[in-house]
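Undergrad: Please find one structure pasted underneath; my questions will follow.
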Amino acid sequence: MHDHDHHDNELDEMTARVRALETILTQKGLIDPAAVDAIIETYEHKVGPRNGAMVVARAWSDPEFAEWLREDATAAIASLGFEGRQGEHMVAVFNTPTQHNLVVCTLCSCYPWPVLGLPPTWYKAPPYRARAVREPRAVLQEFGVQLGPQTKIHVWDSTAEIRYLVIPQRPANTEHLSEAALADLVTRDSMIGCGLATNEAAA
Amino acid sequence: MNGPQDLGGRHGFGPVDVASGDEMFHAAWEKRVLGITLAAGALGYWNLDASRHARESLSPAIYYNASYYEIWLRALERLLQDAGEVSGAELAAGQSSAPGLRADRCLKAEAVSAVLKRGGPTDRPGAASAFSVGDRVRLRNHQPAGHTRLPGYVRGCTGVITLLHGAHVYPDSHARFDGEQPQPLYTVSFKATEVFGADADPALTLSVDAWEPYLERA
């Protein structure tokens, strides 16, 4: 972290270093700053976990879609318009009353961008990467998720280009909700496996 | 490589920073690093595996003290220097002193959407899978000095093939620019007690995705 000592008239070391590289590459014609802006805009504002929530809500509402998701998640997700970089090969893993799924990338930060956007900072940091595989129950407790000791856990380490999307269990008492209302119950963390979908806000 | 990136199962890193919540960037410069890195990838000098190798090749002292996007930035500076597009003197001066070699491949703003949507699939035609779902396999004691996607914590462990993914680009060769050499890819599942010993969570299953050269029949 290099952003803690700010002075009004002085760039911090990392800002200056990045600006130097961007200046050099722009002067050489190797990058277009407007393209850099467009990439940032895409992942800050256009592509995010709302996409994944729509996939989950569809799976909860439509058993045929859920089955397609089990058989060929890449195609099923693409049918909703979500595809491309870091989502080329998707696998959906379904939570059940007896089995919980959790996703990690111990080697770097692999994450399904088209459905979840960019990973949050904690997902990329050493504590999560080190501990999710060894002590997921303790990690889940830090997220406020308490699973019974009888609940099995499956941790998926994304070591190749397969990207995993957790389909959380549908909360109870949501039979009356529309697909759009269901999507509102699906959090980003629940699709990584670090949270549960809940209807507390709706109740 | 047995580098700083291979974190699975390591002790001593402390609690997860749950309070950071939805934060994706610590500072504005990190956003520029994301954008510049993706844009520079279009120049075609390296591939996904080579860029990962550049990141994990940072000294562990630097890797563990850097934020995630500082790791990206340092690796990008290295890759651009290795490509001959940027010199150390230019980086120190913050100014270009020579024209770009591949300016014709510069990613333009209007192409960004299509490039991101296309992505980079890694499945390829290749040899049929030697293993089937349900087969017992052992992860080889595979410790190359170069790039590999076999994490250290599962080396030597015995598990079961649970998914077949067909042939995919093989990272070990691809990262050293020695071709895609597609190999069958599998998901292999393990009991946590096999991986982390008798004190591990008895109700925990772990899986990794592993290419056929990482595996032997058990």
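By convention in this document, the chains of the structure tokens carry letters A, B, ... by their order, each chain's residues are numbered from 1, and ligands are numbered from 1 in the order they are shown.
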Define the interface residues of chain A facing chain B as those within 6 Å, counting only C-alpha atoms, and report them as JSON, numbers by chain.
TA: {"A": [1, 15, 20, 24, 28, 29, 30, 31, 32, 34, 35, 36, 39, 40, 84, 85, 88, 106, 107, 120, 121, 122, 127, 128, 129, 130, 131, 134, 152, 153, 154, 155, 156, 157, 159, 160]}
Undergrad: Which residues are near Ala180 of chain A? Cut-off 9 Å, only C-alpha atoms, ignore same chain within fewer than 5 positions. Put them as number ranges by chain.
TA: A: 54, 57-58
Undergrad: What lies within 10 Å of Arg78 of chain B using only C-alpha atoms, ignoring chain neighbours under 5 positions off, as a list in words?
TA: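 Counting only C-alpha atoms, the residues come to Ser51, Ala54, Arg55, Leu58, Trp72, Leu73, Ala83, Gly84, Val86, Ser87 and Gly88 of chain B.
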Undergrad: As an exercise, work out the distance from atom CA of Arg170 of chain A to atom CA of Tyr123 of chain A in Å and give it to one decimal place.
TA: 24.1 Å
Undergrad: How many Å separate atom CA of Phe177 of chain B from atom CA of Ala145 of chain B?
TA: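 Atom-to-atom, atom CA of Phe177 of chain B and atom CA of Ala145 of chain B are spaced 14.9 Å apart.
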Undergrad: Need the shell around Asp189 of chain A: protein/DNA/RNA residues with any atom at most 10 Å away, counting only C-alpha atoms. Skip same-chain ones fewer than 6 positions apart. Format as a ChimeraX atom specification?
TA: /A:49,102,116,120,143,166,168,195-197 /B:21-22
Undergrad: Let's have the selection written as a compact mmCIF listing (two decimals), in the first residue's frame, with N, CA and C atoms.
TA:
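After the write, again.txt holds the following:
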# COMPACT_ATOMS: atom_id res chain seq x y z
N PRO A 49 -21.42 -8.11 -10.41
CA PRO A 49 -22.15 -9.26 -9.87
C PRO A 49 -23.66 -9.26 -10.14
N LEU A 102 -17.20 -23.39 -2.26
CA LEU A 102 -16.41 -22.17 -2.08
C LEU A 102 -15.34 -22.14 -3.17
N LEU A 116 -19.22 -11.83 -12.43
CA LEU A 116 -18.99 -11.21 -11.13
C LEU A 116 -18.20 -9.91 -11.20
N PRO A 120 -12.85 -8.66 -5.65
CA PRO A 120 -12.58 -7.71 -4.57
C PRO A 120 -11.15 -7.89 -4.06
N PHE A 143 -16.59 -14.21 7.56
CA PHE A 143 -17.62 -13.57 6.73
C PHE A 143 -19.00 -13.61 7.40
N VAL A 166 -20.67 -20.21 -7.97
CA VAL A 166 -21.48 -20.91 -6.97
C VAL A 166 -22.94 -20.49 -7.14
N PRO A 168 -26.02 -20.34 -5.06
CA PRO A 168 -26.45 -20.51 -3.67
C PRO A 168 -27.84 -21.13 -3.59
N GLY A 195 -20.73 -16.26 1.21
CA GLY A 195 -21.97 -15.76 1.81
C GLY A 195 -23.10 -16.68 1.42
N LEU A 196 -24.28 -16.35 1.91
CA LEU A 196 -25.49 -17.10 1.57
C LEU A 196 -26.48 -16.10 0.98
N ALA A 197 -27.33 -16.57 0.09
CA ALA A 197 -28.43 -15.71 -0.36
C ALA A 197 -29.46 -15.67 0.76
N GLY B 21 -14.83 -5.35 1.98
CA GLY B 21 -16.10 -5.49 1.27
C GLY B 21 -15.98 -5.55 -0.24
N ASP B 22 -16.64 -4.61 -0.90
CA ASP B 22 -16.70 -4.60 -2.37
C ASP B 22 -15.52 -3.89 -3.01
